[in-house]
$ cat entry34.tsv   # TSV, C-alpha atoms
chain	number	residue	atom	x	y	z
B	117	MET	CA	55.31	190.81	140.78
B	118	SER	CA	54.22	192.98	137.91
B	119	SER	CA	54.44	190.04	135.51
B	120	GLU	CA	52.40	187.73	137.76
B	121	ARG	CA	49.56	190.15	138.37
B	122	PRO	CA	48.14	190.17	134.82
B	123	PHE	CA	47.99	186.33	134.84
B	124	GLN	CA	46.13	186.44	138.16
B	125	GLU	CA	43.69	188.97	136.83
B	126	LEU	CA	43.19	186.89	133.70
B	127	ASN	CA	42.41	183.81	135.77
B	128	GLU	CA	39.99	185.75	137.93
B	129	ASN	CA	38.25	187.12	134.89
B	130	LEU	CA	37.96	183.67	133.30
B	131	GLU	CA	36.67	182.08	136.49
B	132	GLY	CA	34.24	184.88	136.99
B	133	SER	CA	32.93	184.65	133.46
B	134	LEU	CA	32.16	180.94	133.91
B	135	CYS	CA	30.96	180.93	137.51
B	136	ARG	CA	29.19	184.26	138.23
B	137	PRO	CA	25.79	185.00	136.72
B	138	LEU	CA	25.67	187.77	134.21
B	139	ARG	CA	24.45	191.09	135.64
B	140	THR	CA	23.04	193.73	133.37
B	141	LYS	CA	23.20	197.35	134.36
B	142	TRP	CA	19.98	199.13	134.97
B	143	LYS	CA	19.42	202.73	135.65
B	144	ARG	CA	17.80	203.81	138.84
B	145	ARG	CA	15.04	206.15	138.22
B	146	PRO	CA	14.77	208.99	140.59
B	147	ALA	CA	12.17	208.59	143.24
B	148	CYS	CA	9.01	210.47	142.62
B	149	SER	CA	8.82	213.36	144.97
B	150	GLY	CA	5.35	214.26	144.23
B	151	GLY	CA	4.48	213.61	147.83
B	152	LEU	CA	3.13	210.22	146.94
B	153	ASP	CA	3.08	207.65	149.67
B	154	THR	CA	4.12	204.10	148.99
B	155	GLU	CA	0.90	202.93	150.44
B	156	ASN	CA	-1.09	205.05	148.05
B	157	THR	CA	1.12	204.50	145.06
B	158	PRO	CA	-0.67	202.83	142.17
B	159	ASN	CA	0.57	199.40	141.17
B	160	GLU	CA	1.52	200.56	137.71
B	161	LEU	CA	3.97	203.07	139.12
B	162	ILE	CA	5.42	200.48	141.46
B	163	GLN	CA	6.11	198.17	138.56
B	164	GLN	CA	7.76	200.95	136.56
B	165	TRP	CA	10.01	202.01	139.43
B	166	SER	CA	11.06	198.47	140.44
B	167	PRO	CA	14.14	196.90	138.72
B	168	PRO	CA	13.51	194.44	135.86
B	169	HIS	CA	13.21	190.73	136.68
B	170	LYS	CA	16.34	188.59	136.32
B	171	LYS	CA	16.15	185.96	133.62
B	172	PRO	CA	17.85	182.57	134.14
B	173	LEU	CA	21.29	182.42	132.48
B	174	THR	CA	21.44	179.47	130.10
B	175	SER	CA	24.98	179.94	128.77
B	176	ALA	CA	28.10	181.91	129.44
B	177	LYS	CA	27.91	183.63	126.09
B	178	GLY	CA	27.36	187.32	126.20
B	179	LYS	CA	28.79	190.56	125.16
B	180	GLU	CA	31.13	190.65	128.10
B	181	ASN	CA	32.33	187.04	127.59
B	182	GLU	CA	32.77	186.90	123.86
B	183	GLU	CA	36.49	187.63	124.16
B	184	ASN	CA	37.16	185.74	127.39
B	185	VAL	CA	35.91	182.23	126.62
B	186	PHE	CA	37.80	179.41	128.33
B	187	PHE	CA	37.58	175.78	127.17
B	188	LEU	CA	38.76	172.65	128.94
B	189	ALA	CA	39.12	170.15	126.11
B	190	ARG	CA	41.49	167.39	125.00
B	191	ARG	CA	43.45	168.13	121.93
B	192	PRO	CA	42.22	165.81	119.18
B	193	ARG	CA	44.75	163.32	117.84
B	194	LYS	CA	45.93	164.18	114.40
B	195	ARG	CA	44.63	161.83	111.81
B	196	ARG	CA	47.13	160.18	109.55
B	197	GLU	CA	46.89	161.71	106.20
B	198	SER	CA	46.50	159.14	103.50
B	199	SER	CA	49.61	159.34	101.37
B	200	ALA	CA	50.09	158.10	97.88
B	201	GLY	CA	53.21	156.03	98.92
B	202	LEU	CA	53.25	152.44	100.18
B	203	CYS	CA	53.79	151.41	103.79
B	204	TRP	CA	55.96	148.49	104.91
B	205	ASP	CA	52.95	146.29	105.62
B	206	SER	CA	51.73	146.55	102.05
B	207	LEU	CA	55.04	145.42	100.52
B	208	PRO	CA	55.06	141.85	99.18
B	209	ASP	CA	57.33	139.22	100.68
B	210	GLU	CA	59.52	139.09	97.58
B	211	LEU	CA	60.37	142.79	97.83
B	212	LEU	CA	61.04	142.61	101.57
B	213	LEU	CA	63.33	139.62	101.05
B	214	GLY	CA	65.26	141.64	98.50
B	215	ILE	CA	65.71	144.42	101.06
B	216	LEU	CA	66.69	142.03	103.86
B	217	SER	CA	69.26	140.36	101.62
B	218	ARG	CA	71.30	143.59	101.74
B	219	LEU	CA	71.58	143.59	105.55
B	220	SER	CA	74.48	142.36	107.63
B	221	LEU	CA	74.18	139.45	110.06
B	222	GLN	CA	73.67	141.67	113.12
B	223	ASP	CA	71.11	143.89	111.37
B	224	LEU	CA	69.22	140.88	110.06
B	225	LEU	CA	68.91	139.45	113.58
B	226	ARG	CA	67.68	142.81	114.89
B	227	THR	CA	65.11	143.00	112.09
B	228	SER	CA	63.71	139.61	113.08
B	229	ARG	CA	62.47	141.16	116.36
B	230	VAL	CA	60.17	143.71	114.73
B	231	CYS	CA	57.11	141.51	114.23
B	232	LYS	CA	56.10	137.94	113.44
B	233	ARG	CA	56.07	138.55	109.71
B	234	TRP	CA	59.54	140.06	109.68
B	235	HIS	CA	60.80	137.24	111.91
B	236	ARG	CA	59.52	134.71	109.39
B	237	LEU	CA	61.12	136.59	106.48
B	238	ALA	CA	64.41	137.22	108.32
B	239	PHE	CA	64.91	133.46	108.70
B	240	ASP	CA	63.95	132.60	105.16
B	241	GLU	CA	66.27	130.01	103.61
B	242	SER	CA	67.20	132.30	100.73
B	243	LEU	CA	68.94	134.72	103.14
B	244	TRP	CA	71.05	132.11	104.92
B	245	HIS	CA	73.06	130.52	102.13
B	246	GLY	CA	76.44	131.37	103.68
B	247	VAL	CA	77.37	132.27	107.29
B	248	ASP	CA	80.87	133.07	108.57
B	249	LEU	CA	81.22	132.92	112.37
B	250	VAL	CA	85.01	133.25	112.52
B	251	GLY	CA	85.95	135.21	115.65
B	252	LYS	CA	83.01	134.08	117.78
B	253	ALA	CA	84.61	132.33	120.72
B	254	GLN	CA	81.52	130.61	122.14
B	255	ILE	CA	78.42	129.36	120.36
B	256	ASP	CA	75.73	127.24	121.96
B	257	ALA	CA	72.02	127.07	121.17
B	258	GLU	CA	72.30	129.59	118.33
B	259	LEU	CA	74.28	127.09	116.25
B	260	GLY	CA	71.21	124.89	116.03
B	261	GLN	CA	69.10	127.88	115.03
B	262	VAL	CA	71.55	128.87	112.31
B	263	LEU	CA	71.76	125.34	110.91
B	264	SER	CA	67.96	124.97	111.05
B	265	ALA	CA	67.56	128.20	109.08
B	266	GLY	CA	68.69	126.34	105.96
B	267	VAL	CA	72.35	127.36	105.85
B	268	LEU	CA	74.25	125.85	102.93
B	269	ARG	CA	77.74	127.12	103.88
B	270	LEU	CA	78.96	127.53	107.46
B	271	ARG	CA	82.45	128.58	108.49
B	272	CYS	CA	82.99	128.12	112.21
B	273	PRO	CA	86.60	127.07	113.00
B	274	HIS	CA	88.44	127.52	116.32
B	275	THR	CA	85.17	127.93	118.23
B	276	CYS	CA	83.99	126.48	121.52
B	277	ILE	CA	80.69	124.75	120.69
B	278	GLY	CA	78.24	124.00	123.47
B	279	GLN	CA	74.91	122.22	123.09
B	280	PRO	CA	73.03	123.39	119.98
B	281	THR	CA	69.24	123.37	120.11
B	282	PHE	CA	67.28	121.75	117.29
B	283	LYS	CA	63.51	122.22	117.32
B	284	SER	CA	62.85	119.33	114.94
B	285	THR	CA	64.42	116.11	113.72
B	286	GLU	CA	64.49	117.18	110.07
B	287	LYS	CA	67.70	116.77	108.12
B	288	LEU	CA	69.82	119.86	107.58
B	289	ARG	CA	70.49	121.51	104.22
B	290	ILE	CA	74.15	122.20	105.02
B	291	GLN	CA	76.52	121.33	102.16
B	292	HIS	CA	79.82	122.99	103.11
B	293	LEU	CA	80.87	122.87	106.78
B	294	ASP	CA	84.13	123.93	108.44
B	295	LEU	CA	84.55	122.92	112.10
B	296	SER	CA	88.34	122.77	112.08
B	297	ASN	CA	90.01	122.75	115.49
B	298	CYS	CA	86.79	123.44	117.39
B	299	THR	CA	86.33	122.55	121.04
B	300	VAL	CA	83.29	120.30	120.98
B	301	GLU	CA	82.08	117.15	122.70
B	302	THR	CA	81.95	114.02	120.57
B	303	SER	CA	78.27	113.52	121.42
B	304	VAL	CA	77.43	117.03	120.20
B	305	LEU	CA	79.32	116.40	116.97
B	306	GLU	CA	77.45	113.13	116.52
B	307	ASP	CA	74.12	114.95	116.89
B	308	ILE	CA	75.08	117.56	114.27
B	309	LEU	CA	76.51	115.19	111.66
B	310	PHE	CA	73.68	112.69	112.12
B	311	ARG	CA	71.36	115.34	110.64
B	312	CYS	CA	73.56	115.91	107.57
B	313	ARG	CA	72.83	114.10	104.32
B	314	HIS	CA	73.95	116.58	101.66
B	315	LEU	CA	77.53	117.36	102.65
B	316	GLN	CA	79.91	118.07	99.79
B	317	ASN	CA	82.82	119.69	101.63
B	318	LEU	CA	83.66	118.98	105.26
B	319	SER	CA	86.60	119.84	107.50
B	320	LEU	CA	86.91	118.23	110.94
B	321	GLU	CA	90.61	118.84	111.37
B	322	GLY	CA	91.97	118.14	114.84
B	323	LEU	CA	88.74	116.72	116.31
B	324	VAL	CA	88.08	113.53	118.25
B	325	LEU	CA	85.59	111.47	116.25
B	326	SER	CA	83.84	108.13	116.71
B	327	ASP	CA	82.62	105.23	114.62
B	328	SER	CA	79.12	106.70	114.80
B	329	ILE	CA	80.37	109.94	113.22
B	330	ILE	CA	82.20	108.06	110.45
B	331	HIS	CA	79.01	106.06	109.82
B	332	SER	CA	77.05	109.33	109.51
B	333	LEU	CA	79.63	110.65	107.05
B	334	ALA	CA	79.15	107.52	104.96
B	335	GLN	CA	75.51	108.57	104.41
B	336	ASN	CA	76.69	111.65	102.50
B	337	THR	CA	77.33	110.17	99.10
B	338	GLU	CA	77.89	113.56	97.45
B	339	PHE	CA	81.24	114.22	99.15
B	340	VAL	CA	83.80	116.14	97.07
B	341	ARG	CA	86.33	117.17	99.74
B	342	LEU	CA	86.95	115.67	103.17
B	343	ASN	CA	89.54	116.96	105.64
B	344	LEU	CA	90.23	114.61	108.57
B	345	CYS	CA	93.75	115.84	109.30
B	346	GLY	CA	94.81	115.08	112.87
B	347	CYS	CA	91.59	113.23	113.77
B	348	SER	CA	91.30	110.22	116.05
B	349	GLY	CA	88.82	107.91	117.75
B	350	PHE	CA	87.51	105.65	114.95
B	351	SER	CA	88.32	102.17	113.73
B	352	PRO	CA	89.78	100.96	110.41
B	353	GLU	CA	86.51	99.14	109.63
B	354	SER	CA	84.38	102.29	109.80
B	355	LEU	CA	86.97	104.16	107.72
B	356	ALA	CA	86.83	101.48	105.01
B	357	GLU	CA	83.02	101.57	105.04
B	358	MET	CA	83.01	105.33	104.53
B	359	LEU	CA	85.51	105.21	101.64
B	360	LYS	CA	83.44	102.56	99.88
B	361	SER	CA	80.26	104.65	100.03
B	362	CYS	CA	81.80	108.00	99.02
B	363	THR	CA	82.42	107.17	95.39
B	364	ARG	CA	82.43	110.78	94.14
B	365	ILE	CA	85.02	112.19	96.48
B	366	GLU	CA	87.93	114.02	94.82
B	367	GLU	CA	90.08	115.34	97.70
B	368	ILE	CA	90.95	113.54	100.95
B	369	ASN	CA	93.26	114.72	103.72
B	370	VAL	CA	93.98	111.98	106.28
B	371	SER	CA	97.41	113.20	107.34
B	372	TRP	CA	98.74	112.94	110.89
B	373	CYS	CA	95.74	111.04	112.23
B	374	ASP	CA	96.01	108.63	115.14
B	375	PHE	CA	96.34	105.71	112.74
B	376	ASN	CA	98.11	102.39	112.82
B	377	ASN	CA	99.08	100.22	109.88
B	378	LEU	CA	95.53	98.84	109.66
B	379	HIS	CA	94.10	102.31	109.12
B	380	VAL	CA	96.64	102.99	106.39
B	381	GLN	CA	95.82	99.68	104.70
B	382	ALA	CA	92.10	100.52	104.88
B	383	ILE	CA	92.81	103.72	102.97
B	384	ALA	CA	95.10	102.12	100.40
B	385	ASN	CA	92.70	99.26	99.66
B	386	ASN	CA	89.41	101.18	99.65
B	387	ILE	CA	90.18	104.66	98.39
B	388	PRO	CA	87.80	105.57	95.51
B	389	SER	CA	89.21	105.89	92.02
B	390	SER	CA	87.64	109.35	91.75
B	391	VAL	CA	90.25	110.83	94.12
B	392	THR	CA	92.58	113.30	92.41
B	393	GLN	CA	94.23	114.85	95.51
B	394	LEU	CA	95.43	112.83	98.51
B	395	ASN	CA	97.39	113.81	101.60
B	396	ILE	CA	98.46	110.71	103.53
B	397	SER	CA	101.54	112.15	105.21
B	398	GLY	CA	102.82	111.68	108.75
B	399	TYR	CA	102.69	107.89	109.15
B	400	ARG	CA	106.36	107.20	109.69
B	401	GLN	CA	106.69	103.43	109.63
B	402	ASN	CA	103.00	102.64	109.06
B	403	LEU	CA	103.06	103.54	105.36
B	404	ILE	CA	105.00	100.99	103.34
B	405	MET	CA	105.76	100.61	99.67
B	406	GLU	CA	102.90	98.13	99.18
B	407	ASP	CA	100.47	100.81	100.30
B	408	VAL	CA	101.94	103.28	97.82
B	409	LYS	CA	101.54	100.78	94.99
B	410	ALA	CA	97.90	100.12	95.98
B	411	ILE	CA	97.11	103.82	96.05
B	412	VAL	CA	98.69	104.44	92.63
B	413	LYS	CA	96.81	101.48	91.17
B	414	ARG	CA	93.41	102.55	92.56
B	415	CYS	CA	93.81	106.27	91.78
B	416	PRO	CA	95.46	106.65	88.38
B	417	ASN	CA	94.19	110.23	88.00
B	418	LEU	CA	96.04	111.67	90.98
B	419	THR	CA	97.30	115.21	90.43
B	420	ASN	CA	98.37	116.00	94.01
B	421	LEU	CA	99.99	113.42	96.30
B	422	ASP	CA	101.66	114.05	99.65
B	423	LEU	CA	103.67	111.19	101.21
B	424	SER	CA	105.75	113.34	103.56
B	425	ASP	CA	107.11	111.99	106.85
B	426	SER	CA	107.02	108.37	105.70
B	427	VAL	CA	110.44	106.97	106.45
B	428	LEU	CA	109.83	103.68	104.64
B	429	VAL	CA	109.30	105.35	101.27
B	430	THR	CA	112.49	104.91	99.21
B	431	THR	CA	113.75	105.81	95.77
B	432	ASP	CA	112.03	102.66	94.50
B	433	SER	CA	108.78	104.61	94.71
B	434	PHE	CA	109.87	106.83	91.79
B	435	LEU	CA	109.09	104.13	89.23
B	436	VAL	CA	105.69	103.59	90.84
B	437	LEU	CA	104.89	107.31	90.97
B	438	GLN	CA	105.93	107.70	87.34
B	439	GLN	CA	102.78	105.76	86.41
B	440	LEU	CA	100.74	108.80	87.47
B	441	SER	CA	100.72	110.63	84.17
B	442	PHE	CA	98.65	113.54	85.56
B	443	LEU	CA	100.73	114.14	88.69
B	444	LYS	CA	101.50	117.85	89.16
B	445	HIS	CA	102.26	118.23	92.89
B	446	LEU	CA	104.29	115.78	94.95
B	447	GLY	CA	105.33	115.92	98.61
B	448	LEU	CA	108.23	113.82	99.91
B	449	SER	CA	109.42	115.99	102.78
B	450	ARG	CA	111.40	114.20	105.53
B	451	CYS	CA	111.31	110.86	103.71
B	452	TYR	CA	114.81	110.18	104.85
B	453	GLN	CA	115.29	106.94	102.87
B	454	ILE	CA	115.42	109.02	99.68
B	455	HIS	CA	118.95	110.18	98.81
B	456	PRO	CA	119.20	113.85	97.76
B	457	ALA	CA	121.19	112.96	94.64
B	458	SER	CA	118.34	110.78	93.36
B	459	LEU	CA	115.98	113.76	93.16
B	460	ILE	CA	117.40	114.62	89.79
B	461	ASP	CA	115.41	111.67	88.43
B	462	PHE	CA	112.28	113.81	88.60
B	463	GLU	CA	113.28	115.31	85.27
B	464	LYS	CA	111.42	112.32	83.81
B	465	PHE	CA	108.16	113.63	85.34
B	466	LEU	CA	107.18	115.94	82.49
B	467	ASN	CA	103.90	117.18	84.05
B	468	LEU	CA	105.26	117.68	87.57
B	469	GLN	CA	105.06	121.35	88.60
B	470	THR	CA	105.94	121.45	92.32
B	471	LEU	CA	108.12	119.21	94.49
B	472	GLU	CA	108.28	119.48	98.28
B	473	VAL	CA	111.43	117.90	99.77
B	474	PHE	CA	111.87	119.82	103.01
B	475	GLY	CA	114.46	118.19	105.26
B	476	LEU	CA	116.09	116.17	102.49
B	477	ILE	CA	118.45	118.74	100.99
B	478	GLN	CA	120.50	121.55	102.43
B	479	ASP	CA	119.94	125.13	101.46
B	480	SER	CA	123.29	125.22	99.67
B	481	TYR	CA	122.26	122.35	97.39
B	482	LEU	CA	118.81	123.78	96.57
B	483	PRO	CA	120.01	126.17	93.79
B	484	ILE	CA	121.84	123.29	92.09
B	485	LEU	CA	118.71	121.12	92.18
B	486	CYS	CA	116.52	123.95	90.88
B	487	LYS	CA	118.95	124.40	87.98
B	488	GLY	CA	118.79	120.68	87.16
B	489	LEU	CA	114.96	120.72	87.30
B	490	PRO	CA	114.02	124.03	85.65
B	491	HIS	CA	110.38	123.07	85.00
B	492	ILE	CA	109.70	122.24	88.68
B	493	GLN	CA	109.22	124.63	91.61
B	494	ILE	CA	110.95	123.14	94.66
B	495	ASN	CA	109.98	123.78	98.32
B	496	THR	CA	107.40	126.48	97.66
B	497	GLN	CA	104.55	125.17	99.88
B	498	PRO	CA	105.50	124.06	103.39
B	499	PHE	CA	101.85	123.23	104.18
B	500	SER	CA	99.51	121.10	102.14
B	501	THR	CA	96.27	122.61	100.86
B	502	VAL	CA	94.55	119.30	100.03
B	503	ALA	CA	90.87	119.42	101.08
B	504	ARG	CA	91.50	122.32	103.45
B	505	PRO	CA	88.77	125.00	103.44
B	506	THR	CA	91.19	127.94	103.31
B	507	ALA	CA	94.75	127.93	102.10
B	508	SER	CA	97.29	129.09	104.66
B	509	SER	CA	98.63	131.73	102.28
B	510	ARG	CA	95.25	133.42	101.85
B	511	LYS	CA	93.97	136.27	103.95
B	512	ASP	CA	90.43	136.27	102.63
B	513	ARG	CA	87.51	134.53	104.28
B	514	THR	CA	86.56	132.10	101.55
B	515	LEU	CA	85.29	128.59	102.16
B	516	TRP	CA	86.68	126.24	99.52
B	517	GLY	CA	86.69	129.19	97.16
B	518	MET	CA	83.14	130.26	98.06
B	519	HIS	CA	82.18	133.43	99.92
B	520	CYS	CA	79.79	133.69	102.86
B	521	ARG	CA	77.53	136.74	102.74
B	522	LEU	CA	76.58	136.87	106.43
B	523	ILE	CA	79.77	137.56	108.39
B	524	TYR	CA	80.04	137.83	112.17
B	525	LYS	CA	81.73	141.09	113.16
B	526	HIS	CA	83.04	141.35	116.71

$ encode --input "entry34.tsv" --output "structure tokens"
Amino acid sequence: MSSERPFQELNENLEGSLCRPLRTKWKRRPACSGGLDTENTPNELIQQWSPPHKKPLTSAKGKENEENVFFLARRPRKRRESSAGLCWDSLPDELLLGILSRLSLQDLLRTSRVCKRWHRLAFDESLWHGVDLVGKAQIDAELGQVLSAGVLRLRCPHTCIGQPTFKSTEKLRIQHLDLSNCTVETSVLEDILFRCRHLQNLSLEGLVLSDSIIHSLAQNTEFVRLNLCGCSGFSPESLAEMLKSCTRIEEINVSWCDFNNLHVQAIANNIPSSVTQLNISGYRQNLIMEDVKAIVKRCPNLTNLDLSDSVLVTTDSFLVLQQLSFLKHLGLSRCYQIHPASLIDFEKFLNLQTLEVFGLIQDSYLPILCKGLPHIQINTQPFSTVARPTASSRKDRTLWGMHCRLIYKH
């Protein structure tokens, strides 16, 4: 109670100083006892004895209120002091792009929500050269936004792709695309690849394709590597058309596709001479010796050839393969028509470095063969790396040897 009373008194004093008129003290003069009657009192004496007239109070300022002045006012907003430094708005686009290029994918997307200018800069083509979405299980409309941002390299394998949204019909700038083993509708894949005209490296491993997709691939004349391992759904005619148009291609992987002998013949008779690495394994009885001869004749510069799982390939193919003077890697795994004892003939292949013959020799015979072929490494790579975006032995996140700066982190 003792602490509340001073505050009450202070409030009463402040209210009184603003609301009550100011009263000045005046001294009462003693009444004149000279026996004078009020009726007979002169007017001058009456005026002297009467109190002074009150003057109208124009303000609350006075001697009594100088210390107790109370104001009801809004605190003025502090003005921003002009500093010598630069604010974000005054920075040029080039400098902001340099700053944004240091951000991660998540931070860059958050930055795009700040304002319209930052949204425009965050989706500048120079920031979206390489995107790695490995680990993202589902991607729908955002795939169209990423591709439309001018991405050159996109790594998106083992992903469930919905319906991407494209705001325009312009062609995409994508050059290196990995969609291996994705879950995607054929119509969606047709829409994406129809917009591509500058593809150099492409992996569609394990996907169901169509003649329309193969026709779209034929429009990309700058192909260097193409991985169609395990694909299906297109005709031999469309495959031949694509091979004829892609005259610069160097690596092709068409292993284990849903092919018949006509598909294999389309490859053997139309494969470009620029091809240096070819994986055409897994065709059992569909690949015959005539096809091998046609491939060797059309591609004399082959350095890597995989004919594994072709049961009709015999030891007669050795003389044909010996014409490939630049051959360094050869795969003949599970070609059961080749006798293990005939493998010693590969000592005539002076430039051959690796030989894959899994399933042809027993483990006990392998040291003897390695001793007879000291310049060749035998059974060192169980999986082919031809045209594949990432080698199975690697743990990095490269895309055909190239890195993606924007990486999805889950």

$ closest_residue --input "entry34.tsv" --among "B:Phe375, B:Phe239, B:Phe282, B:Phe350" --to "Thr302 (chain B)" --atoms "only C-alpha atoms"
B:Phe350

$ closest_residue --input "entry34.tsv" --among "B:Cys373, B:Ala356, B:Leu288, B:Cys298" --to "Gln254 (chain B)" --atoms "all atoms listed in the file"
B:Cys298

$ atom_distance --input "entry34.tsv" --atom1 "CA of Asn395 (chain B)" --atom2 "CA of Cys272 (chain B)"
22.9 Å

$ closest_residue --input "entry34.tsv" --among "B:Gly214, B:Lys487, B:Ile368, B:Asn376" --to "Arg341 (chain B)" --atoms "all atoms listed in the file"
B:Ile368

$ closest_residue --input "entry34.tsv" --among "B:Cys312, B:Asn420, B:Val340, B:Tyr524" --to "Leu225 (chain B)" --atoms "all atoms listed in the file"
B:Tyr524

$ atom_distance --input "entry34.tsv" --atom1 "CA of Lys525 (chain B)" --atom2 "CA of Ser220 (chain B)"
9.2 Å

$ closest_residue --input "entry34.tsv" --among "B:Cys362, B:Leu295, B:Cys486, B:Ile290" --to "Leu315 (chain B)" --atoms "all atoms listed in the file"
B:Ile290
